[in-house]
Amino acid sequence: DLSCVHTAMENQTQSECYELLSPFLKSKRAWFFVGDSQMGKLFHEIRYPYEVTASKAPKNERCGFITYAGLPEAKPWQRKKIPSYFQGPTSYGRENPGCFDVRSVGARYVESAIPGEMSHVLEIMTIDHASDIAQQTPYTETTQETATLHFGNQLQFNGMTYDDSVCVMNTGLHDQKLCIGKTHDHCLSIYTKNIKRYLNLFHNICGAMVWISTTPVRNPGNPLYPQSNAMTAKMNLAVKDILVQHEHGYYVDTWDVAKKSTHIDNVHFTSEYYSGIADLLASLM
């Protein structure tokens, strides 16, 4: 069971999660982050331990990923590629081909390439559903497939391999928007199938996969929001069970820390929640 419970402490190198993760993850050269705005907030709290020598972001954060990645666009964009699966996007990206639902993540890339030293890269990409078709190319049908193509290209361009990479991952809150009108059991079954496909794809380019657990919301019973904390807890357990099937698949349980943290809206927290996890990950870089 490659899982740990994240705790809020000033020195994360003394934590349970650092003890679990450091033997295999310490000083990996490529760190790729994928998720929704929760992951975006975490990413922006990371104090990167290397001198940044180059950085890059899309000109259009919400709709410019394919151009940013230097990939060809799929023409025509296909609204549904795998009809048997629940898929995002569910809102803005559904009506605007090539765009993400969320606008606060997009993509970011930073590089440390100092002459005479080993290069390092850090990158984030939006993936806000366990199966998503926002980003397509002539060679890829889903955002997950496009991400593995892009990250694989990044490894090759920087002279790195599968063994150099870590993928930090999460999805779950947006998936529950697809559950409206469906039973929890049905929704969980579809989510589990999508997560299996997702992790199987990323296993091909990630030397290690670190899943950050999905967090509880502030108002789980509010009919204005689709998320249920009971459903989220079931989703978290499903992901944890699937990760066991992957060598170097790690699960970081942030539920208790999140429950004690301060929400700024139904989903997001004050920066203290994200910075604690960011400090743990930075200590491993």
# chains A, B, ... in the order shown; residues from 1 in each chain; ligands from 1

$ residues_around --residues "range 128-143 of chain A" --least-positions-apart "3" --cutoff "8 Å" --atoms "only C-alpha atoms" --output "PyMOL selection string"
chain A and resi 35-36+65-66+71-75+77-81+85-89+93-94+97-102+146-147+171-172+174-175+191+194-195+198

$ select_by_dssp --residues "range 53-257 of chain A" --states "alpha helix (DSSP H)" --output "PyMOL selection string"
chain A and resi 65-69+92-95+143-157+184-202+229-243+255-257

$ write_last_selection --atoms "C-alpha atoms" --output "short mmCIF file (atom, residue, chain, number, x, y, z; two decimals), in the first residue's frame"
data_model
loop_
_atom_site.label_atom_id
_atom_site.label_comp_id
_atom_site.auth_asym_id
_atom_site.auth_seq_id
_atom_site.Cartn_x
_atom_site.Cartn_y
_atom_site.Cartn_z
CA PHE A 65 -2.96 24.56 -25.31
CA ILE A 66 -2.52 22.84 -28.68
CA THR A 67 -0.62 25.83 -30.09
CA TYR A 68 1.45 26.13 -26.88
CA ALA A 69 2.40 22.46 -27.14
CA TYR A 92 -17.37 26.20 -21.77
CA GLY A 93 -15.23 23.60 -23.53
CA ARG A 94 -18.32 21.78 -24.75
CA GLU A 95 -19.37 24.76 -26.86
CA THR A 143 -7.10 15.16 -23.51
CA GLN A 144 -5.40 12.35 -21.59
CA GLU A 145 -3.88 10.96 -24.80
CA THR A 146 -2.83 14.45 -25.90
CA ALA A 147 -1.17 15.03 -22.52
CA THR A 148 0.87 11.84 -22.73
CA LEU A 149 1.94 12.77 -26.27
CA HIS A 150 3.02 16.23 -25.12
CA PHE A 151 4.80 15.09 -21.97
CA GLY A 152 6.56 12.35 -23.93
CA ASN A 153 7.75 15.00 -26.38
CA GLN A 154 9.00 17.11 -23.48
CA LEU A 155 11.00 14.22 -22.07
CA GLN A 156 12.55 13.48 -25.44
CA PHE A 157 13.35 17.15 -26.17
CA HIS A 184 -23.88 7.15 -6.88
CA ASP A 185 -23.20 3.54 -7.84
CA HIS A 186 -23.56 4.25 -11.55
CA CYS A 187 -21.45 7.37 -11.34
CA LEU A 188 -18.74 5.59 -9.35
CA SER A 189 -18.66 2.73 -11.85
CA ILE A 190 -18.08 5.10 -14.79
CA TYR A 191 -15.52 7.16 -12.88
CA THR A 192 -13.62 4.00 -11.96
CA LYS A 193 -13.49 2.84 -15.59
CA ASN A 194 -12.27 6.26 -16.70
CA ILE A 195 -9.60 6.39 -13.98
CA LYS A 196 -8.31 2.96 -15.01
CA ARG A 197 -7.88 4.16 -18.59
CA TYR A 198 -6.35 7.42 -17.40
CA LEU A 199 -3.74 5.78 -15.18
CA ASN A 200 -2.93 3.08 -17.74
CA LEU A 201 -2.14 5.83 -20.27
CA PHE A 202 0.00 7.87 -17.90
CA ASN A 229 -18.53 14.53 0.16
CA ALA A 230 -19.86 10.98 0.45
CA MET A 231 -19.36 10.50 -3.30
CA THR A 232 -15.92 12.10 -3.17
CA ALA A 233 -14.86 9.71 -0.40
CA LYS A 234 -15.95 6.74 -2.54
CA MET A 235 -14.05 8.13 -5.54
CA ASN A 236 -10.92 8.53 -3.44
CA LEU A 237 -11.09 4.92 -2.28
CA ALA A 238 -11.58 3.74 -5.87
CA VAL A 239 -8.47 5.61 -7.05
CA LYS A 240 -6.43 4.28 -4.14
CA ASP A 241 -7.43 0.71 -5.03
CA ILE A 242 -6.50 1.20 -8.70
CA LEU A 243 -3.12 2.77 -7.89
CA TRP A 255 -8.71 14.70 3.42
CA ASP A 256 -8.14 15.41 7.12
CA VAL A 257 -5.95 18.45 6.44
#

$ residues_around --residues "range 262-276 of chain A" --least-positions-apart "5" --cutoff "9 Å" --atoms "only C-alpha atoms" --output "PyMOL selection string"
chain A and resi 6-10+12+37-39+41-46+173+215-220+225+257+281

$ residues_around --residues "Asn170 in chain A" --least-positions-apart "5" --cutoff "7 Å" --atoms "only C-alpha atoms" --output "ChimeraX atom specification"
/A:34-35,211-214

$ write_last_selection --atoms "C-alpha atoms" --output "compact mmCIF listing (two decimals), in the first residue's frame"
# COMPACT_ATOMS: atom_id res chain seq x y z
CA VAL A 34 -2.37 17.50 -14.23
CA GLY A 35 -5.68 18.48 -12.68
CA TRP A 211 -2.32 11.09 -6.78
CA ILE A 212 -3.42 13.93 -4.51
CA SER A 213 -6.77 12.99 -2.99
CA THR A 214 -9.90 14.92 -3.94

$ atom_distance --atom1 "CA of Ser228 in chain A" --atom2 "CA of His246 in chain A"
27.7 Å

$ closest_residue --among "A:Gly106, A:Gly70, A:Pro23, A:Gly249" --to "Ile127 in chain A" --atoms "only C-alpha atoms"
A:Gly106

$ atom_distance --atom1 "CA of Tyr18 in chain A" --atom2 "CA of Tyr162 in chain A"
21.7 Å

$ atom_distance --atom1 "CA of His120 in chain A" --atom2 "CA of Phe32 in chain A"
11.2 Å

$ closest_atom_pairs --of "range 99-190 of chain A" --to "range 49-55 of chain A" --cutoff "12 Å" --atoms "only C-alpha atoms" --output "tab-separated table"
residue	atom	partner	partner_atom	distance
A:Ala107	CA	A:Ser55	CA	10.9
A:Arg108	CA	A:Ser55	CA	7.5
A:Tyr109	CA	A:Ser55	CA	5.4
A:Val110	CA	A:Ser55	CA	4.3
A:Glu111	CA	A:Ala54	CA	5.1
A:Ser112	CA	A:Val52	CA	4.8
A:Ala113	CA	A:Thr53	CA	6.0
A:Ile114	CA	A:Thr53	CA	7.3
A:Pro115	CA	A:Thr53	CA	10.5
A:Glu117	CA	A:Tyr50	CA	10.8
A:Met118	CA	A:Tyr50	CA	10.6
A:Ser119	CA	A:Tyr50	CA	9.4
A:His120	CA	A:Tyr50	CA	7.8
A:Val121	CA	A:Val52	CA	9.1
A:Leu122	CA	A:Ser55	CA	9.4
A:Glu123	CA	A:Ser55	CA	9.5
A:Ile124	CA	A:Ser55	CA	11.9

$ write_last_selection --atoms "N, CA, C and O atoms" --output "PDB file, in the first residue's frame"
ATOM      1  N   ALA A 107      -1.824  26.108 -18.862  1.00  0.00           N
ATOM      2  CA  ALA A 107      -0.568  25.367 -18.854  1.00  0.00           C
ATOM      3  C   ALA A 107       0.547  26.322 -18.436  1.00  0.00           C
ATOM      4  O   ALA A 107       0.461  27.531 -18.660  1.00  0.00           O
ATOM      5  N   ARG A 108       1.577  25.779 -17.817  1.00  0.00           N
ATOM      6  CA  ARG A 108       2.766  26.536 -17.451  1.00  0.00           C
ATOM      7  C   ARG A 108       3.961  25.594 -17.556  1.00  0.00           C
ATOM      8  O   ARG A 108       3.863  24.421 -17.215  1.00  0.00           O
ATOM      9  N   TYR A 109       5.067  26.139 -18.017  1.00  0.00           N
ATOM     10  CA  TYR A 109       6.291  25.340 -18.147  1.00  0.00           C
ATOM     11  C   TYR A 109       7.460  26.153 -17.626  1.00  0.00           C
ATOM     12  O   TYR A 109       7.602  27.331 -17.966  1.00  0.00           O
ATOM     13  N   VAL A 110       8.265  25.560 -16.762  1.00  0.00           N
ATOM     14  CA  VAL A 110       9.503  26.209 -16.328  1.00  0.00           C
ATOM     15  C   VAL A 110      10.648  25.219 -16.483  1.00  0.00           C
ATOM     16  O   VAL A 110      10.467  23.997 -16.371  1.00  0.00           O
ATOM     17  N   GLU A 111      11.805  25.751 -16.751  1.00  0.00           N
ATOM     18  CA  GLU A 111      12.968  24.916 -17.042  1.00  0.00           C
ATOM     19  C   GLU A 111      14.189  25.468 -16.309  1.00  0.00           C
ATOM     20  O   GLU A 111      14.356  26.672 -16.163  1.00  0.00           O
ATOM     21  N   SER A 112      15.017  24.549 -15.844  1.00  0.00           N
ATOM     22  CA  SER A 112      16.323  24.915 -15.300  1.00  0.00           C
ATOM     23  C   SER A 112      17.365  24.177 -16.131  1.00  0.00           C
ATOM     24  O   SER A 112      17.505  22.959 -16.026  1.00  0.00           O
ATOM     25  N   ALA A 113      18.035  24.922 -16.988  1.00  0.00           N
ATOM     26  CA  ALA A 113      19.029  24.320 -17.890  1.00  0.00           C
ATOM     27  C   ALA A 113      20.322  25.126 -17.775  1.00  0.00           C
ATOM     28  O   ALA A 113      20.624  25.991 -18.597  1.00  0.00           O
ATOM     29  N   ILE A 114      21.061  24.861 -16.729  1.00  0.00           N
ATOM     30  CA  ILE A 114      22.312  25.571 -16.463  1.00  0.00           C
ATOM     31  C   ILE A 114      23.475  24.765 -17.043  1.00  0.00           C
ATOM     32  O   ILE A 114      23.588  23.562 -16.782  1.00  0.00           O
ATOM     33  N   PRO A 115      24.332  25.385 -17.851  1.00  0.00           N
ATOM     34  CA  PRO A 115      25.458  24.657 -18.447  1.00  0.00           C
ATOM     35  C   PRO A 115      26.283  23.924 -17.387  1.00  0.00           C
ATOM     36  O   PRO A 115      26.614  24.491 -16.346  1.00  0.00           O
ATOM     37  N   GLU A 117      25.247  21.475 -15.599  1.00  0.00           N
ATOM     38  CA  GLU A 117      24.393  20.838 -14.603  1.00  0.00           C
ATOM     39  C   GLU A 117      23.266  20.066 -15.295  1.00  0.00           C
ATOM     40  O   GLU A 117      22.931  20.337 -16.442  1.00  0.00           O
ATOM     41  N   MET A 118      22.682  19.114 -14.570  1.00  0.00           N
ATOM     42  CA  MET A 118      21.552  18.354 -15.101  1.00  0.00           C
ATOM     43  C   MET A 118      20.342  19.274 -15.239  1.00  0.00           C
ATOM     44  O   MET A 118      20.053  20.070 -14.345  1.00  0.00           O
ATOM     45  N   SER A 119      19.653  19.202 -16.367  1.00  0.00           N
ATOM     46  CA  SER A 119      18.479  20.039 -16.562  1.00  0.00           C
ATOM     47  C   SER A 119      17.278  19.474 -15.797  1.00  0.00           C
ATOM     48  O   SER A 119      17.192  18.279 -15.518  1.00  0.00           O
ATOM     49  N   HIS A 120      16.350  20.374 -15.459  1.00  0.00           N
ATOM     50  CA  HIS A 120      15.115  20.009 -14.764  1.00  0.00           C
ATOM     51  C   HIS A 120      13.959  20.757 -15.404  1.00  0.00           C
ATOM     52  O   HIS A 120      14.120  21.892 -15.851  1.00  0.00           O
ATOM     53  N   VAL A 121      12.772  20.123 -15.424  1.00  0.00           N
ATOM     54  CA  VAL A 121      11.581  20.788 -15.946  1.00  0.00           C
ATOM     55  C   VAL A 121      10.407  20.576 -15.001  1.00  0.00           C
ATOM     56  O   VAL A 121      10.337  19.580 -14.273  1.00  0.00           O
ATOM     57  N   LEU A 122       9.506  21.542 -15.028  1.00  0.00           N
ATOM     58  CA  LEU A 122       8.297  21.525 -14.207  1.00  0.00           C
ATOM     59  C   LEU A 122       7.169  22.054 -15.087  1.00  0.00           C
ATOM     60  O   LEU A 122       7.306  23.116 -15.697  1.00  0.00           O
ATOM     61  N   GLU A 123       6.056  21.315 -15.172  1.00  0.00           N
ATOM     62  CA  GLU A 123       4.979  21.738 -16.073  1.00  0.00           C
ATOM     63  C   GLU A 123       3.628  21.331 -15.520  1.00  0.00           C
ATOM     64  O   GLU A 123       3.493  20.302 -14.859  1.00  0.00           O
ATOM     65  N   ILE A 124       2.623  22.158 -15.808  1.00  0.00           N
ATOM     66  CA  ILE A 124       1.243  21.820 -15.438  1.00  0.00           C
ATOM     67  C   ILE A 124       0.358  21.921 -16.670  1.00  0.00           C
ATOM     68  O   ILE A 124       0.575  22.759 -17.548  1.00  0.00           O
TER      69      ILE A 124
END
